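Student: Input start.cif, format and content: mmCIF, C-alpha atoms.
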data_run
loop_
_atom_site.label_atom_id
_atom_site.label_comp_id
_atom_site.auth_asym_id
_atom_site.auth_seq_id
_atom_site.Cartn_x
_atom_site.Cartn_y
_atom_site.Cartn_z
CA MET A 465 39.36 136.73 -7.01
CA PHE A 466 35.65 136.72 -7.85
CA GLU A 467 33.17 133.90 -8.03
CA ASN A 468 31.35 135.08 -11.13
CA SER A 469 31.90 137.48 -13.97
CA SER A 470 29.11 139.87 -12.94
CA GLU A 471 30.94 140.57 -9.65
CA GLU A 472 34.13 141.16 -11.59
CA ILE A 473 32.32 143.59 -13.91
CA VAL A 474 30.93 145.54 -10.95
CA TYR A 475 34.39 145.62 -9.37
CA HIS A 476 35.99 146.91 -12.57
CA LYS A 477 33.30 149.57 -13.03
CA LEU A 478 33.86 150.75 -9.47
CA LEU A 479 37.58 150.82 -10.16
CA ILE A 480 37.06 153.13 -13.16
CA LEU A 481 34.84 155.40 -11.05
CA HIS A 482 37.55 155.41 -8.38
CA ILE A 483 40.23 156.40 -10.91
CA LEU A 484 38.13 159.36 -12.09
CA LYS A 485 37.35 160.42 -8.53
CA LYS A 486 40.95 160.11 -7.34
CA ALA A 487 42.29 162.02 -10.35
CA GLU A 488 40.03 164.95 -9.43
CA MET A 489 39.92 166.06 -13.06
CA PRO A 490 38.55 164.86 -16.38
CA LEU A 491 40.71 162.22 -18.09
CA THR A 492 41.04 161.10 -21.68
CA ASN A 493 40.57 157.50 -22.73
CA SER A 494 44.33 157.12 -23.12
CA GLN A 495 44.98 158.47 -19.61
CA ILE A 496 42.47 156.07 -18.05
CA THR A 497 43.95 153.25 -20.14
CA GLN A 498 47.44 154.16 -18.94
CA VAL A 499 46.39 154.01 -15.28
CA VAL A 500 44.57 150.69 -15.73
CA LEU A 501 47.30 148.98 -17.74
CA ASP A 502 50.20 150.33 -15.66
CA THR A 503 48.54 149.10 -12.47
CA GLU A 504 47.53 145.82 -14.18
CA MET A 505 43.91 146.04 -13.02
CA MET A 506 42.16 144.86 -16.20
CA ASN A 507 42.77 144.40 -19.88
CA TYR A 508 42.29 147.04 -22.56
CA PHE A 509 39.22 145.47 -24.18
CA SER A 510 37.35 145.12 -20.90
CA LEU A 511 38.16 148.73 -20.06
CA GLN A 512 36.77 150.02 -23.37
CA SER A 513 33.59 148.03 -22.97
CA LEU A 514 33.10 149.19 -19.38
CA LEU A 515 33.71 152.85 -20.26
CA SER A 516 30.91 152.56 -22.80
CA GLU A 517 28.59 150.88 -20.28
CA LEU A 518 29.35 153.50 -17.61
CA THR A 519 28.61 156.26 -20.11
CA ASP A 520 25.35 154.60 -21.22
CA SER A 521 24.27 154.24 -17.59
CA LYS A 522 25.10 157.94 -16.97
CA LEU A 523 27.66 157.20 -14.23
CA ILE A 524 30.30 158.96 -16.29
CA ALA A 525 29.93 161.60 -18.97
CA THR A 526 32.07 162.58 -21.93
CA TYR A 527 32.74 165.89 -23.56
CA LYS A 528 35.04 167.08 -26.33
CA GLU A 529 37.50 169.91 -26.06
CA SER A 530 40.45 170.78 -28.26
CA GLY A 531 39.74 167.73 -30.40
CA ARG A 532 39.98 165.31 -27.47
CA GLU A 533 37.30 163.41 -25.61
CA TYR A 534 37.32 163.60 -21.82
CA TYR A 535 35.61 161.40 -19.23
CA THR A 536 34.28 162.80 -16.00
CA LEU A 537 32.19 161.50 -13.10
CA THR A 538 28.52 162.45 -13.02
CA LEU A 539 26.78 163.10 -9.70
CA ASN A 540 25.25 159.62 -9.93
CA GLY A 541 28.70 158.17 -10.62
CA GLU A 542 30.17 159.94 -7.62
CA ASP A 543 27.29 158.79 -5.39
CA SER A 544 27.67 155.21 -6.65
CA HIS A 545 31.41 155.30 -6.01
CA ASP A 546 30.95 156.68 -2.50
CA TYR A 547 28.27 154.15 -1.65
CA PHE A 548 29.95 151.04 -3.11
CA SER A 549 33.66 151.86 -2.87
CA SER A 550 34.07 149.45 0.03
CA ARG A 551 33.72 146.65 -2.55
CA ILE A 552 37.12 147.57 -3.99
CA PRO A 553 39.85 145.76 -2.05
CA GLU A 554 41.99 148.15 0.00
CA THR A 555 45.19 146.86 -1.61
CA VAL A 556 43.81 147.78 -5.06
CA VAL A 557 42.72 151.23 -3.86
CA GLU A 558 46.19 151.82 -2.41
CA LYS A 559 47.90 150.69 -5.62
CA VAL A 560 45.74 152.92 -7.83
CA ASP A 561 45.98 155.89 -5.44
CA LYS A 562 49.75 155.55 -5.24
CA TYR A 563 50.01 155.44 -9.04
CA ILE A 564 47.75 158.48 -9.54
CA ASN A 565 49.57 160.49 -6.85
CA ALA A 566 52.93 159.67 -8.43
CA ASN A 567 51.74 160.50 -11.95
CA LYS A 568 49.27 163.32 -11.34
CA GLY A 569 51.71 165.93 -12.63
CA ASN A 570 51.94 164.14 -15.97
CA LEU A 571 48.17 163.72 -16.11
CA LEU A 572 47.64 167.38 -15.25
CA ALA A 573 50.16 168.63 -17.78
CA ASP A 574 48.42 166.67 -20.48
CA THR A 575 44.97 168.06 -19.79
CA GLN A 576 45.75 171.59 -18.73
CA ILE A 577 47.26 173.00 -21.91
CA LYS A 578 44.41 173.53 -24.32
CA SER A 579 44.14 174.90 -27.83
CA SER A 580 41.40 175.01 -30.44
CA PHE A 581 40.25 177.09 -33.37
CA VAL A 582 36.99 177.91 -35.11
CA LYS A 583 36.48 179.10 -38.68
CA GLN A 584 34.58 182.39 -38.64
CA SER A 585 34.57 183.13 -42.37
CA GLU A 586 36.56 182.44 -45.55
CA ASN A 587 39.77 184.09 -44.28
CA GLU A 588 39.13 184.35 -40.56
CA TYR A 589 39.88 181.80 -37.84
CA ILE A 590 39.63 182.40 -34.09
CA VAL A 591 42.30 180.49 -32.17
CA ASN A 592 41.79 179.90 -28.43
CA LEU A 593 44.82 179.10 -26.26
CA ARG A 594 44.52 178.29 -22.57
CA VAL A 595 46.49 177.13 -19.60
CA VAL A 596 44.29 175.87 -16.78
CA GLU A 597 45.50 175.17 -13.26
CA GLU A 598 43.19 173.69 -10.63
CA GLN A 599 40.03 174.57 -12.62
CA SER A 600 41.18 178.20 -13.02
CA ASN A 601 42.43 179.84 -16.22
CA LEU A 602 45.99 181.12 -15.92
CA ILE A 603 45.70 182.48 -19.43
CA ASP A 604 42.87 182.45 -21.97
CA LEU A 605 44.00 184.02 -25.21
CA ASN A 606 41.96 184.47 -28.41
CA LEU A 607 43.72 185.29 -31.66
CA ASN A 608 42.28 186.17 -35.04
CA VAL A 609 44.30 184.66 -37.91
CA SER A 610 43.73 184.49 -41.64
CA SER A 611 44.27 180.81 -42.49
CA GLU A 612 43.62 177.32 -41.20
CA LYS A 613 47.33 176.59 -41.65
CA GLN A 614 48.23 179.43 -39.26
CA ALA A 615 45.58 178.31 -36.78
CA ASN A 616 46.90 174.72 -36.81
CA SER A 617 50.49 175.91 -36.45
CA ILE A 618 49.63 178.14 -33.48
CA CYS A 619 47.69 175.32 -31.76
CA ASN A 620 50.53 172.82 -32.28
CA ASN A 621 53.19 175.28 -31.05
CA TRP A 622 51.08 176.11 -28.00
CA LYS A 623 50.72 172.43 -27.08
CA LYS A 624 54.50 171.95 -27.30
CA ASN A 625 55.68 175.22 -25.74
CA ALA A 626 52.85 176.66 -23.63
CA SER A 627 54.80 177.05 -20.40
CA GLU A 628 57.65 178.96 -22.10
CA MET A 629 55.20 181.08 -24.12
CA TYR A 630 53.14 181.85 -21.01
CA THR A 631 56.27 182.98 -19.18
CA GLU A 632 57.30 185.20 -22.13
CA ILE A 633 53.83 186.75 -22.39
CA ILE A 634 53.79 187.57 -18.67
CA SER A 635 57.31 189.03 -18.88
CA LEU A 636 56.35 191.19 -21.86
CA LEU A 637 53.25 192.45 -20.08
CA ILE A 638 55.09 193.24 -16.86
CA GLU A 639 58.16 194.78 -18.47
CA LYS A 640 58.26 198.56 -18.28
CA ARG A 641 58.76 200.15 -21.69
CA ASP A 642 59.86 203.65 -22.52
CA ASN A 643 57.57 205.02 -25.21
#
As a first step, turn the structure in this file into structure tokens.
Tutor:
Amino acid sequence: MFENSSEEIVYHKLLILHILKKAEMPLTNSQITQVVLDTEMMNYFSLQSLLSELTDSKLIATYKESGREYYTLTLNGEDSHDYFSSRIPETVVEKVDKYINANKGNLLADTQIKSSFVKQSENEYIVNLRVVEEQSNLIDLNLNVSSEKQANSICNNWKKNASEMYTEIISLLIEKRDN
């Protein structure tokens, strides 16, 4: 498809920028890898190398939350994508866009349920549980617990059952009680 490897590298970098732009949310390494491998756009090792290069060149940024690392477009990355996106073949754009549109729910579900905890003192841990929808918190709950084991258990249960727990919390708060 390309005459030299530097053109292919530029194309693949633009493709990664396009994936992040189209997703319209931060993605983990495994989510980006899933998109790239499922659409057969490049191999795993090239992707990892290019993610590092894009981060070094400040076209994408990373941050950690709930023990996971997320990738997001920087303003320079978005500008570069917008300016050079015509270099990505339309058939590739359509294939990636179709994949992201079809799988956005799964990508969203994975990134929108968040849990973390911080040790405050010997017997005090603050657990933070959140459900985020379209950049807005549906619930942001902080709990004070007495052990790391409890904090881990709460975080793991939240990740597995957040939607049911959220519904129960709302029901309990709305329910009229006779006291």
Student: Could you give me, as CSV, every segment 537-589 of chain A residue with an atom at most 12 Å from segment 487-491 of chain A, plus its closest atom pair and distance in Å to one decimal, counting all atoms listed in the file, rows ordered by chain then number?
Tutor:
residue,atom,partner,partner_atom,distance
A:Leu537,CA,A:Pro490,CA,7.9
A:Thr538,CA,A:Pro490,CA,10.8
A:Glu542,CA,A:Glu488,CA,11.2
A:Val560,CA,A:Ala487,CA,10.1
A:Asp561,CA,A:Ala487,CA,8.7
A:Lys562,CA,A:Ala487,CA,11.1
A:Tyr563,CA,A:Ala487,CA,10.2
A:Ile564,CA,A:Ala487,CA,6.6
A:Asn565,CA,A:Ala487,CA,8.2
A:Ala566,CA,A:Ala487,CA,11.1
A:Asn567,CA,A:Ala487,CA,9.7
A:Lys568,CA,A:Ala487,CA,7.2
A:Gly569,CA,A:Ala487,CA,10.5
A:Asn570,CA,A:Ala487,CA,11.4
A:Leu571,CA,A:Leu491,CA,7.9
A:Leu572,CA,A:Met489,CA,8.1
A:Ala573,CA,A:Leu491,CA,11.4
A:Asp574,CA,A:Leu491,CA,9.2
A:Thr575,CA,A:Leu491,CA,7.4
A:Gln576,CA,A:Met489,CA,9.8
Student: Got a sec: who's within 9 Å of segment 469-481 of chain A, counting all atoms listed in the file, leaving out chain neighbours fewer than 4 positions off, as a list in words?
Tutor: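 So, after excluding close chain neighbours, the residues are Met465, Lys485, Lys486, Ile496, Val500, Met505, Met506, Ser510, Leu511, Leu514, Leu515, Glu517, Leu518, Leu523, Ile524, Thr536, Leu537, Gly541, Glu542, Ser544, His545, Phe548, Ser549, Arg551, Ile552, Val556, Val557 and Val560 of chain A.
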Student: Distance atom CA of Arg532 of chain A-atom CA of Ala626 of chain A, one decimal place?
Tutor: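 That distance, rounded to one decimal, is 17.6 Å.
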Student: When you draw a straight line from atom CA of Val591 of chain A to atom CA of Ile618 of chain A, how long is it in Å?
Tutor: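 Calculated distance between atom CA of Val591 of chain A and atom CA of Ile618 of chain A is 7.8 Å.
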Student: Quick check on the file I pasted: which residues fall under the PyMOL selection byres ((chain A and resi 605-610) around 8)? Write them as a list in words.
Tutor: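 When the PyMOL selection byres ((chain A and resi 605-610) around 8) is applied, the selected residues are Asn587, Glu588, Tyr589, Ile590, Val591, Asn592, Leu593, Arg594, Ile603, Asp604, Ser611, Glu612, Gln614 and Ala615 of chain A.
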Student: Those selected residues, please, written with C-alpha atoms and delivered as a PDB file, keeping the file's coordinate frame.
Tutor:
ATOM      1  CA  ASN A 587      39.770 184.090 -44.280  1.00  0.00           C
ATOM      2  CA  GLU A 588      39.130 184.350 -40.560  1.00  0.00           C
ATOM      3  CA  TYR A 589      39.880 181.800 -37.840  1.00  0.00           C
ATOM      4  CA  ILE A 590      39.630 182.400 -34.090  1.00  0.00           C
ATOM      5  CA  VAL A 591      42.300 180.490 -32.170  1.00  0.00           C
ATOM      6  CA  ASN A 592      41.790 179.900 -28.430  1.00  0.00           C
ATOM      7  CA  LEU A 593      44.820 179.100 -26.260  1.00  0.00           C
ATOM      8  CA  ARG A 594      44.520 178.290 -22.570  1.00  0.00           C
ATOM      9  CA  ILE A 603      45.700 182.480 -19.430  1.00  0.00           C
ATOM     10  CA  ASP A 604      42.870 182.450 -21.970  1.00  0.00           C
ATOM     11  CA  SER A 611      44.270 180.810 -42.490  1.00  0.00           C
ATOM     12  CA  GLU A 612      43.620 177.320 -41.200  1.00  0.00           C
ATOM     13  CA  GLN A 614      48.230 179.430 -39.260  1.00  0.00           C
ATOM     14  CA  ALA A 615      45.580 178.310 -36.780  1.00  0.00           C
TER      15      ALA A 615
END
Student: Suppose you want the space between atom CA of Ala525 of chain A and atom CA of Asn540 of chain A; what is it in Å?
Tutor: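 Separating atom CA of Ala525 of chain A from atom CA of Asn540 of chain A is a distance of 10.4 Å.
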Student: Between A:Asn601, A:Gln584, A:Ser550, A:Ser579, single out the one closest to His482 of chain A, counting only C-alpha atoms.
Tutor: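 Looking only at the distances to His482 of chain A, the closest residue turns out to be A:Ser550.
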Student: Pick out the residues sitting within 10 Å of Ser494 of chain A, and hand them over as a VMD selection string; count only C-alpha atoms, and ignore anything fewer than 5 positions along from it in its own chain.
Tutor: chain A and resid 499 to 500 533 to 534
